[in-house]
Amino acid sequence: MRQRIVNELGVKLYDIYGLTEIYGPGIGISCEYECGIHLCDDYLCFEIIDPKTGDVLPDGEIGELVITTLKKEGAPLIRYRNHDLTRIIPRKCECGSEYPRIDILVGRTDDMVKVKGVNIFPNQIDEVLDKIKGFSSE
Ligand SMILES: [Zn+2]
C-alpha cells in the first residue's frame, strides 16, 4: 500500500510516531533513509522492556516501548507503557542524526495470540497474505 501511494501520488512518505497521552503525533519521524523512526529524546526518555518481566532490554531486542516525559508539566508520565512492540535500532543512522531510532512496530502486547505455544501478531498474517498474488494486506 505504501509503495502504491508513493507511485500514484508521486510523493515522499514519512512515518510519524506519537500517542495522544504524550504530545500526540510527532514525537518521532522517519528520515529520507527510511530506516526507522527518529525519536525526540531531548523531550522524552525511551526504553524497551520485556513486557512480562519489566526488565530493560538491550538495543536491538524487540520489546515493549516505555516512555518517560522529561519536560511535560501538566500531566507528566513516568515509564508509561503504551503496549507497542518495537526495538531500538542500535547503530547510528546514515542521515547523521543523533536522535535514536525505533524500528517499525511489530505489534502490541495486547493483540498477541498464542497458537500452540507460538506468539503470533495479526500483522504477521497481513505480511503473509500480502505476498500472495491477488491478495493485499487489507
Ligand atoms: Zn536518519
# chains A, B, ... in the order shown; residues from 1 in each chain; ligands from 1
>>> residues_near_ligand(ligand="ligand 1", cutoff="7 Å", atoms="only C-alpha atoms and all ligand atoms", output="list of chain:residue names")
A:Ser30, A:Cys31, A:Glu32, A:Tyr33, A:Cys35, A:His38, A:Cys93, A:Glu94, A:Cys95, A:Gly96, A:Ser97
>>> write_last_selection(atoms="C-alpha atoms", output="PDB file, in the first residue's frame")
ATOM      1  CA  SER A  30      11.482   8.854   9.817  1.00  0.00           C
ATOM      2  CA  CYS A  31      14.148  10.491   7.693  1.00  0.00           C
ATOM      3  CA  GLU A  32      14.948  10.274   3.999  1.00  0.00           C
ATOM      4  CA  TYR A  33      16.815   6.976   4.567  1.00  0.00           C
ATOM      5  CA  CYS A  35      15.360   3.004   8.201  1.00  0.00           C
ATOM      6  CA  HIS A  38      13.982   9.016  14.925  1.00  0.00           C
ATOM      7  CA  CYS A  93      21.537   6.444  11.047  1.00  0.00           C
ATOM      8  CA  GLU A  94      23.185   7.288   7.743  1.00  0.00           C
ATOM      9  CA  CYS A  95      21.477  10.699   7.788  1.00  0.00           C
ATOM     10  CA  GLY A  96      23.806  11.733  10.611  1.00  0.00           C
ATOM     11  CA  SER A  97      21.053  12.488  13.127  1.00  0.00           C
TER      12      SER A  97
END
>>> residues_around(residues="Pro90 in chain A", least_positions_apart="6", cutoff="10 Å", atoms="only C-alpha atoms", output="PyMOL selection string")
chain A and resi 58-61+100-102
>>> select_by_dssp(residues="range 30-128 of chain A", states="strand (DSSP E or B)", output="PyMOL selection string")
chain A and resi 30+37-39+44-49+56+63-69+80-86+88-89+101-102+107-108+113-115+118-120
>>> closest_residue(among="A:Gly10, A:Ile48, A:Ile67, A:Lys114", to="Ile89 in chain A", atoms="only C-alpha atoms")
A:Ile48
>>> select_by_dssp(residues="range 84-125 of chain A", states="alpha helix (DSSP H)", output="ChimeraX atom specification")
/A:122-125
>>> write_last_selection(atoms="C-alpha atoms", output="CSV table (one decimal), in the first residue's frame")
chain,number,residue,atom,x,y,z
A,122,PRO,CA,-2.1,-10.0,13.4
A,123,ASN,CA,0.3,-8.0,11.3
A,124,GLN,CA,2.4,-11.2,10.7
A,125,ILE,CA,-0.7,-12.7,9.0
>>> atom_distance(atom1="CA of Phe135 in chain A", atom2="CA of Tyr17 in chain A")
27.6 Å
>>> atom_distance(atom1="CA of Val113 in chain A", atom2="CA of Thr86 in chain A")
16.9 Å
>>> atom_distance(atom1="CA of Asp110 in chain A", atom2="CA of His83 in chain A")
6.6 Å
